[in-house]
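Undergrad: If it helps, the file is called protein-v8.txt and holds compact mmCIF, C-alpha atoms and all ligand atoms:
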```txt
# COMPACT_ATOMS: atom_id res chain seq x y z
CA MET A 216 147.26 93.08 -19.74
CA ALA A 217 146.92 92.54 -23.48
CA ASP A 218 143.71 90.50 -23.30
CA GLY A 219 141.47 93.56 -23.51
CA THR A 220 140.06 93.13 -20.02
CA ALA A 221 142.52 95.13 -17.91
CA ARG A 222 141.15 98.40 -16.54
CA GLY A 223 143.01 101.59 -15.89
CA GLY A 224 142.40 105.30 -15.57
CA ARG A 225 144.72 106.75 -18.15
CA LEU A 226 141.80 108.48 -19.92
CA ALA A 227 139.65 109.14 -16.85
CA GLY A 228 137.14 111.94 -17.47
CA LYS A 229 137.93 112.29 -21.17
CA VAL A 230 135.32 112.27 -23.92
CA ALA A 231 136.20 110.58 -27.21
CA VAL A 232 134.60 110.15 -30.62
CA VAL A 233 135.85 107.15 -32.58
CA THR A 234 134.87 106.60 -36.23
CA GLY A 235 134.86 103.15 -37.76
CA ALA A 236 134.16 101.78 -34.29
CA ALA A 237 131.91 98.84 -35.21
CA ALA A 238 134.83 96.52 -36.03
CA GLY A 239 138.56 96.09 -36.26
CA PHE A 240 140.94 98.75 -34.96
CA GLY A 241 138.16 101.26 -34.19
CA GLU A 242 136.29 98.76 -32.04
CA GLY A 243 139.53 97.92 -30.25
CA ILE A 244 140.23 101.62 -29.65
CA ALA A 245 136.71 102.27 -28.34
CA ARG A 246 136.85 99.29 -25.98
CA ARG A 247 140.29 100.18 -24.67
CA PHE A 248 139.37 103.86 -24.26
CA CYS A 249 136.36 102.84 -22.14
CA ALA A 250 138.51 100.49 -20.07
CA GLU A 251 140.83 103.44 -19.43
CA GLY A 252 137.97 105.57 -18.14
CA ALA A 253 136.84 107.54 -21.21
CA ARG A 254 133.27 108.20 -22.28
CA VAL A 255 133.02 107.21 -25.93
CA LEU A 256 130.77 107.93 -28.88
CA LEU A 257 131.21 105.14 -31.41
CA ALA A 258 130.41 106.17 -34.99
CA ASP A 259 130.23 103.80 -37.94
CA LEU A 260 128.55 103.32 -41.29
CA ASP A 261 127.34 100.00 -39.89
CA GLY A 262 124.74 101.41 -37.50
CA GLU A 263 123.58 98.00 -36.36
CA ASN A 264 126.94 96.62 -35.32
CA VAL A 265 128.16 99.87 -33.80
CA GLU A 266 125.18 99.78 -31.48
CA VAL A 267 125.96 96.14 -30.61
CA VAL A 268 129.45 97.19 -29.50
CA ALA A 269 128.16 100.28 -27.65
CA LYS A 270 125.50 98.23 -25.85
CA ASP A 271 128.09 95.68 -24.85
CA LEU A 272 130.22 98.48 -23.38
CA ARG A 273 127.23 99.94 -21.50
CA GLU A 274 126.40 96.52 -20.07
CA ALA A 275 129.99 96.36 -18.80
CA GLY A 276 129.34 99.63 -16.93
CA HIS A 277 130.85 102.11 -19.38
CA ASP A 278 129.37 105.33 -20.75
CA ALA A 279 129.18 104.68 -24.49
CA ILE A 280 126.78 105.43 -27.32
CA GLY A 281 126.71 104.24 -30.90
CA VAL A 282 125.54 106.24 -33.89
CA ALA A 283 125.22 105.40 -37.57
CA THR A 284 127.64 107.75 -39.34
CA ASP A 285 128.92 107.91 -42.88
CA VAL A 286 132.20 109.82 -42.74
CA THR A 287 131.80 110.78 -46.40
CA VAL A 288 128.79 112.91 -45.40
CA ASP A 289 129.66 116.13 -43.60
CA ALA A 290 126.28 116.37 -41.83
CA ASP A 291 126.76 112.87 -40.38
CA VAL A 292 130.22 113.69 -39.03
CA ARG A 293 129.02 116.96 -37.52
CA ARG A 294 126.05 115.18 -35.95
CA ALA A 295 128.34 112.64 -34.25
CA VAL A 296 130.49 115.43 -32.79
CA THR A 297 127.40 117.40 -31.73
CA MET A 298 125.88 114.34 -30.04
CA ALA A 299 129.02 113.90 -27.93
CA VAL A 300 129.00 117.58 -26.97
CA GLU A 301 125.29 117.49 -26.10
CA ARG A 302 125.74 114.41 -23.94
CA TRP A 303 129.06 115.13 -22.26
CA GLY A 304 129.76 118.82 -22.88
CA ARG A 305 133.07 118.44 -24.74
CA VAL A 306 135.22 116.31 -27.05
CA ASP A 307 138.74 115.72 -25.76
CA VAL A 308 139.75 113.12 -28.34
CA MET A 309 138.66 112.65 -31.96
CA VAL A 310 139.83 109.44 -33.62
CA ASN A 311 139.37 109.55 -37.39
CA ASN A 312 139.80 105.84 -37.95
CA ALA A 313 137.12 104.81 -40.47
CA GLY A 314 138.67 103.64 -43.69
CA ILE A 315 138.36 101.22 -46.56
CA ALA A 316 140.92 99.08 -48.33
CA GLN A 317 141.65 98.31 -51.94
CA SER A 318 142.47 95.01 -53.56
CA PRO A 319 145.70 94.75 -55.53
CA THR A 320 145.07 96.59 -58.83
CA ARG A 321 147.40 97.58 -61.66
CA ILE A 322 147.32 101.34 -62.24
CA GLU A 323 145.99 100.89 -65.78
CA ASP A 324 143.07 98.89 -64.38
CA ALA A 325 142.24 101.29 -61.53
CA THR A 326 138.83 102.85 -62.19
CA ASP A 327 137.54 106.30 -61.38
CA GLU A 328 135.05 104.62 -59.07
CA LEU A 329 137.85 102.97 -57.09
CA PHE A 330 139.64 106.32 -56.87
CA ASP A 331 136.54 108.30 -55.88
CA THR A 332 135.49 105.82 -53.19
CA LEU A 333 138.90 105.71 -51.55
CA VAL A 334 139.20 109.49 -51.68
CA ALA A 335 135.74 109.91 -50.15
CA VAL A 336 136.27 107.60 -47.16
CA ASN A 337 140.01 107.72 -46.48
CA MET A 338 140.67 111.36 -47.38
CA TYR A 339 137.43 113.34 -47.11
CA GLY A 340 136.38 111.36 -44.02
CA VAL A 341 139.55 112.33 -42.13
CA PHE A 342 139.33 115.93 -43.35
CA ALA A 343 135.66 116.20 -42.33
CA GLY A 344 136.35 114.71 -38.89
CA CYS A 345 139.15 117.20 -38.22
CA ARG A 346 137.11 120.13 -39.54
CA ALA A 347 134.04 119.28 -37.46
CA VAL A 348 135.83 118.86 -34.15
CA VAL A 349 138.31 121.75 -34.25
CA PRO A 350 135.81 124.51 -33.30
CA VAL A 351 134.74 122.45 -30.29
CA MET A 352 138.34 121.90 -29.22
CA LYS A 353 139.27 125.55 -29.74
CA ALA A 354 136.31 126.66 -27.62
CA GLN A 355 137.21 124.29 -24.77
CA GLY A 356 140.90 125.20 -24.85
CA GLY A 357 142.47 122.16 -26.47
CA GLY A 358 142.13 118.55 -27.49
CA VAL A 359 143.67 115.62 -29.30
CA ILE A 360 143.07 114.38 -32.84
CA ILE A 361 144.30 110.93 -33.86
CA ASN A 362 144.10 109.84 -37.50
CA THR A 363 144.55 106.22 -38.51
CA ALA A 364 146.97 106.39 -41.42
CA SER A 365 149.12 103.36 -42.29
CA THR A 366 152.58 102.04 -42.95
CA ALA A 367 151.27 102.35 -46.52
CA ALA A 368 151.87 106.10 -46.22
CA VAL A 369 155.54 105.58 -45.44
CA ARG A 370 156.54 102.28 -47.03
CA PRO A 371 153.96 101.41 -49.69
CA ARG A 372 153.39 97.92 -50.99
CA PRO A 373 152.92 97.60 -54.79
CA LEU A 374 149.47 97.51 -56.42
CA LEU A 375 147.68 99.22 -53.49
CA ASN A 376 148.26 102.48 -55.36
CA VAL A 377 145.23 104.64 -54.50
CA TYR A 378 144.93 103.30 -50.95
CA ASN A 379 148.59 104.04 -50.21
CA ALA A 380 148.26 107.57 -51.57
CA SER A 381 145.10 108.17 -49.50
CA LYS A 382 147.04 107.27 -46.36
CA ALA A 383 149.86 109.64 -47.35
CA PHE A 384 147.17 112.35 -47.40
CA ALA A 385 146.07 111.41 -43.88
CA LEU A 386 149.64 111.55 -42.62
CA ASN A 387 150.40 114.87 -44.29
CA LEU A 388 147.14 116.43 -43.07
CA THR A 389 148.09 115.25 -39.58
CA LYS A 390 151.46 117.01 -39.72
CA THR A 391 150.03 120.16 -41.29
CA LEU A 392 147.24 120.48 -38.73
CA ALA A 393 149.67 119.78 -35.89
CA LEU A 394 151.44 123.00 -36.84
CA GLU A 395 148.28 124.96 -37.55
CA LEU A 396 146.59 123.98 -34.31
CA ALA A 397 149.49 123.95 -31.86
CA PRO A 398 148.72 127.52 -30.75
CA ASP A 399 145.23 126.28 -29.82
CA ARG A 400 146.67 123.44 -27.73
CA ILE A 401 145.24 120.85 -30.11
CA ARG A 402 147.63 117.97 -30.70
CA VAL A 403 147.30 116.04 -33.96
CA ASN A 404 148.97 112.67 -34.44
CA ALA A 405 148.57 109.63 -36.67
CA ILE A 406 148.98 105.93 -36.08
CA ASN A 407 150.57 103.87 -38.84
CA PRO A 408 149.54 100.24 -38.36
CA VAL A 409 151.20 97.46 -40.27
CA MET A 410 148.91 94.94 -41.99
CA GLY A 411 146.43 93.79 -39.38
CA GLU A 412 144.21 90.88 -38.51
CA THR A 413 140.91 92.63 -39.29
CA GLY A 414 138.16 92.32 -41.85
CA MET A 415 140.28 94.45 -44.15
CA LEU A 416 142.93 91.78 -44.60
CA LYS A 417 141.11 89.82 -47.28
CA VAL A 418 140.61 92.99 -49.34
CA PHE A 419 144.30 93.87 -49.22
CA THR A 420 145.40 90.40 -50.19
CA GLY A 421 142.59 89.83 -52.68
CA GLU A 422 142.06 86.41 -51.10
CA GLU A 423 139.12 85.23 -49.00
CA GLU A 424 141.37 82.98 -46.92
CA MET A 425 145.14 83.40 -46.83
CA ASP A 426 147.00 80.14 -47.25
CA ASN A 427 149.99 79.44 -45.04
CA ASP A 428 152.57 80.28 -47.71
CA ARG A 429 150.97 83.64 -48.44
CA ARG A 430 150.64 84.43 -44.73
CA ALA A 431 154.30 83.53 -44.18
CA ALA A 432 155.27 85.82 -47.06
CA VAL A 433 153.38 88.79 -45.57
CA VAL A 434 154.60 88.15 -42.03
CA GLY A 435 158.13 87.76 -43.43
CA THR A 436 158.09 91.49 -44.28
CA ILE A 437 157.48 92.37 -40.61
CA PRO A 438 160.66 92.04 -38.54
CA LEU A 439 158.83 91.20 -35.30
CA GLY A 440 157.11 88.38 -37.16
CA ARG A 441 153.41 89.04 -36.76
CA MET A 442 150.61 91.25 -38.04
CA SER A 443 149.02 93.95 -35.93
CA THR A 444 145.94 93.44 -33.75
CA PRO A 445 143.23 95.89 -32.66
CA ASP A 446 144.75 95.94 -29.18
CA ASP A 447 148.19 96.90 -30.55
CA ILE A 448 146.61 99.91 -32.21
CA ALA A 449 144.40 100.68 -29.22
CA TRP A 450 147.34 100.91 -26.82
CA ALA A 451 149.07 103.37 -29.16
CA ALA A 452 145.85 105.40 -29.31
CA VAL A 453 145.59 105.42 -25.49
CA TYR A 454 149.09 106.89 -25.29
CA LEU A 455 148.38 109.57 -27.91
CA ALA A 456 145.01 110.41 -26.33
CA SER A 457 146.36 110.66 -22.79
CA ASP A 458 148.24 113.48 -21.11
CA GLU A 459 151.30 111.18 -21.14
CA SER A 460 151.92 112.41 -24.70
CA SER A 461 151.31 116.10 -24.00
CA LEU A 462 154.45 117.16 -25.93
CA VAL A 463 153.85 114.82 -28.86
CA THR A 464 152.28 116.30 -31.98
CA GLY A 465 152.67 115.91 -35.75
CA HIS A 466 153.86 112.35 -35.27
CA GLY A 467 153.09 109.24 -37.28
CA LEU A 468 153.41 106.51 -34.67
CA GLU A 469 154.38 103.31 -36.41
CA VAL A 470 152.87 100.21 -34.85
CA ASP A 471 154.46 97.97 -37.37
CA GLY A 472 156.82 95.42 -35.86
CA GLY A 473 159.70 97.22 -37.57
CA ARG A 474 158.26 97.14 -41.10
CA ASP A 475 159.09 100.80 -41.77
CA VAL A 476 162.66 100.73 -40.46
N1 LIG B 501 143.84 96.19 -41.26
C1 LIG B 501 144.97 96.67 -41.78
O1 LIG B 501 145.80 95.91 -42.31
C2 LIG B 501 145.26 98.15 -41.71
C3 LIG B 501 146.61 98.56 -41.79
C4 LIG B 501 146.89 99.93 -41.72
C5 LIG B 501 145.86 100.83 -41.56
N2 LIG B 501 144.58 100.40 -41.49
C6 LIG B 501 143.53 101.41 -41.32
O2 LIG B 501 142.89 101.21 -40.08
C7 LIG B 501 141.57 101.74 -40.14
C8 LIG B 501 140.60 100.71 -39.62
O3 LIG B 501 140.66 99.56 -40.47
P1 LIG B 501 140.34 98.07 -39.95
O4 LIG B 501 141.48 97.23 -40.35
O5 LIG B 501 139.90 98.11 -38.55
O6 LIG B 501 139.15 97.72 -40.95
P2 LIG B 501 137.71 97.08 -40.70
O7 LIG B 501 137.17 96.87 -42.07
O8 LIG B 501 137.81 95.94 -39.76
O9 LIG B 501 136.91 98.26 -39.96
C9 LIG B 501 136.63 99.46 -40.61
C10 LIG B 501 135.35 100.05 -40.04
O10 LIG B 501 135.11 101.30 -40.72
C11 LIG B 501 133.75 101.35 -41.06
N3 LIG B 501 133.54 102.22 -42.22
C12 LIG B 501 133.82 101.96 -43.52
N4 LIG B 501 133.42 102.99 -44.28
C13 LIG B 501 132.88 103.91 -43.45
C14 LIG B 501 132.26 105.17 -43.65
N5 LIG B 501 132.11 105.70 -44.88
N6 LIG B 501 131.82 105.85 -42.57
C15 LIG B 501 131.94 105.33 -41.33
N7 LIG B 501 132.48 104.13 -41.08
C16 LIG B 501 132.95 103.42 -42.14
C17 LIG B 501 133.35 99.91 -41.36
O11 LIG B 501 131.93 99.74 -41.27
C18 LIG B 501 134.12 99.16 -40.29
O12 LIG B 501 133.38 99.01 -39.09
C19 LIG B 501 141.33 102.13 -41.59
O13 LIG B 501 141.53 103.52 -41.74
C20 LIG B 501 142.41 101.37 -42.33
O14 LIG B 501 142.74 101.95 -43.56
C21 LIG B 501 144.26 99.08 -41.55
```
Please rewrite the model in this file as structure tokens.
Ligand SMILES: NC(=O)c1ccc[n+]([C@@H]2O[C@H](COP(=O)([O-])OP(=O)(O)OC[C@H]3O[C@@H](n4cnc5c(N)ncnc54)[C@H](O)[C@@H]3O)[C@@H](O)[C@H]2O)c1

TA:
Amino acid sequence: MADGTARGGRLAGKVAVVTGAAAGFGEGIARRFCAEGARVLLADLDGENVEVVAKDLREAGHDAIGVATDVTVDADVRRAVTMAVERWGRVDVMVNNAGIAQSPTRIEDATDELFDTLVAVNMYGVFAGCRAVVPVMKAQGGGVIINTASTAAVRPRPLLNVYNASKAFALNLTKTLALELAPDRIRVNAINPVMGETGMLKVFTGEEEMDNDRRAAVVGTIPLGRMSTPDDIAWAAVYLASDESSLVTGHGLEVDGGRDV
């Protein structure tokens, strides 16, 4: 079941937009959503690779399209949402997953450029995704928003100062919008992954390749003894996107092997 090939119908008939879907967690979410019966628009800054993933999904018989999208640009985010509506008539699930990492940096060495870039992608990108999709969801009578936050929002590691704070924003926006949008039957939840085996890992650690000692030290902070994978995050997203979680809103779902306990 966890090999990414199992098929189910937990999201049958639903339309989803996933940002940051060319790689890592977003790719895993898009693939799993398709396997569960959703139609998916994959949006990513990396227009080439997002189309590679979308094409692969289409060749496997799924209804998926890829579009180059910079989540720091409002017009791009709105275009992605509009494309999904034009193609499928609605957006049931919006996954604001695109994000960037930061390398360990002392606060006195953190530049304005580092700050501005993290704010633009990790904060504005989530805000813009929520803002663009809410009118569509209100008009259709409801929907689900899922924001990829992080354990960093709850239990920060030192030296990832601006990144951690940007994820606290995503988590707080999630909770605030859950309350604001509950009357419109729009559920808003976050997923808080623990450090994961994606392209982001080398940025967080500041090392191109982690040696065994360093890996053991990181894994040692995770009670279940391993990092997260795209499929771990994707299964959590399937639950939050599906009607199985119809009473769940304003939640930060930790997929963290116990790190935040
Ligand atoms: N990997 C981890 O350890 C970890 C842990 C907790 C949370 N997260 C969060 O999970 C999310 C996904 O990260 P990942 O680990 O899959 O990283 P990743 O680097 O593998 O994938 C991120 C994707 O986002 C895209 N992206 C970057 N900037 C973008 C922009 N401006 N507009 C659109 N797309 C953009 C990239 O092109 C890439 O395809 C991020 O929000 C990240 O902060 C990651």

Undergrad: Neighbours of ligand LIG 501 (chain B) at 8 Å or closer, counting all atoms listed in the file: which residues, as an NGL selection string?

TA: :A and (234-242 or 258-261 or 264-265 or 283-288 or 311-316 or 335-337 or 340 or 363-367 or 378 or 382 or 407-416 or 419 or 442-443 or 445)

Undergrad: Have a look at A:Ala431, A:Ala380, A:Leu256, A:Val296 and name the one nearest to Val282 in chain A; count all atoms listed in the file.

TA: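 Under the stated criterion, the closest residue is A:Leu256.
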
Undergrad: Find the residue from A:Gly224, A:Pro350, A:Gly465, A:Gly421 that sits nearest to Leu394 in chain A; use all atoms listed in the file when measuring.

TA: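 Looking at the shortest contact to Leu394 in chain A, the residue is A:Gly465.
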
Undergrad: Determine, counting only C-alpha atoms, which protein, DNA and RNA residues have an atom within 12 Å of an atom of Leu462 in chain A; residues of the same chain fewer than 6 positions away are not included. Present the result as a VMD selection string.

TA: chain A and resid 359 393 397 400 to 404 454 to 456

Undergrad: Go through A:Leu392, A:Leu468, A:Cys345, A:Ile448 one by one, measure the shortest atom-to-atom distance of each to Arg246 in chain A using only C-alpha atoms, and give the residue with the smallest value.

TA: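 The closest residue to Arg246 in chain A is A:Ile448.
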
Undergrad: Could you please determine the separation between CA of Ala347 in chain A and CA of Ser460 in chain A in Å, to one decimal place?

TA: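 A separation of 23.0 Å between them.
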
Undergrad: Could you check the closest approach to Gly358 in chain A for each of A:Ala245, A:Ala343, A:Val308, A:Ala405 and tell me which residue wins, using all atoms listed in the file?

TA: A:Val308

Undergrad: Using CA of Ala250 in chain A and CA of Ala231 in chain A as the two end points, give the distance in Å to one decimal.

TA: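 About the pair CA of Ala250 in chain A and CA of Ala231 in chain A: they are 12.6 Å apart.
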
Undergrad: One number please: CA of Val433 in chain A to CA of Asp447 in chain A, in Å, one decimal.

TA: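 If I compute the distance from CA of Val433 in chain A to CA of Asp447 in chain A, I get 17.8 Å.
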
Undergrad: Nearest residue to Gly435 in chain A out of A:His277, A:Arg225, A:Arg474, A:Arg293, using all atoms listed in the file?

TA: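 Ranking A:His277, A:Arg225, A:Arg474, A:Arg293 by distance to Gly435 in chain A, first place goes to A:Arg474.
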
Undergrad: Counting only C-alpha atoms, which residue out of A:Gly357, A:Gly467, A:Pro373, A:Gly223 sits closest to Arg321 in chain A?

TA: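 Checking each of A:Gly357, A:Gly467, A:Pro373, A:Gly223 against Arg321 in chain A, counting only C-alpha atoms, the winner is A:Pro373.
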
Undergrad: Excluding Asn376 in chain A and residues on its chain fewer than 4 positions from it, collect all residues at most 10 Å away from it, counting only C-alpha atoms, and give them as a PyMOL selection string.

TA: chain A and resi 317-322+325+330+367+371-372+380-381
